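S.K.: Handing you a structure now.
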Amino acid sequence: MMDSILIKDTTREQRERIVAESIGDVSGSCDGCMAGLAEMYQDYIDGKKEIREINMEFRARYESGVDGPEKESYSCWR
């Protein structure tokens, strides 16, 4: 059992295993969502970004609506 999942404390092989164990079977019969998750964490596996950074970036895009559909605003006060 590892004490740390930080890049400095893990090898590439360990990071691959961490991601694989965390997201499960990426070859499952879903609509491709799991493969997208695996790609999302490639920078962690490659030692470029920590998992925390990737998650924060994803959360920021999700909450801001960037790369998402435009929302229409309707006002009741017209």
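Residues in the structure tokens are numbered from 1 in each chain, the chains being A, B, ... in the order shown, and ligands are numbered from 1 in the order shown.
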Extract, using only C-alpha atoms, all DNA, RNA and protein residues at most 12 Å from Thr11 (chain A), discarding same-chain residues fewer than 6 positions from it, and format them as a VMD selection string.
M.R.: chain A and resid 2 4 to 5 17 to 18 44 to 47
S.K.: Put those residues in a file: C-alpha atoms, as a JSON list (two decimals), in the first residue's frame.
M.R.:
[["chain", "number", "residue", "atom", "x", "y", "z"],
["A", 2, "MET", "CA", 1.31, 3.43, -0.97],
["A", 4, "SER", "CA", 1.38, 8.95, -1.27],
["A", 5, "ILE", "CA", 0.04, 9.28, -4.79],
["A", 17, "ARG", "CA", -2.17, 1.45, -11.73],
["A", 18, "ILE", "CA", -3.58, 4.21, -9.49],
["A", 44, "TYR", "CA", -0.77, 12.59, -14.16],
["A", 45, "ILE", "CA", 0.47, 9.30, -15.58],
["A", 46, "ASP", "CA", 3.09, 11.21, -17.60],
["A", 47, "GLY", "CA", 4.23, 13.07, -14.48]]
S.K.: Rounded to one decimal in Å, what is the spacing between CA of Glu53 (chain A) and CA of Glu13 (chain A)?
M.R.: 19.7 Å
S.K.: Have a look at A:Asn55, A:Glu50, A:Ala60, A:Gly24 and name the one nearest to Thr10 (chain A); count only C-alpha atoms.
M.R.: A:Glu50
S.K.: Which residue is closest to Lys49 (chain A)? Choose from A:Ile23, A:Asp3, A:Lys8, A:Gln14 and count only C-alpha atoms.
M.R.: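 Ranked by minimum distance to Lys49 (chain A), first place goes to A:Lys8.
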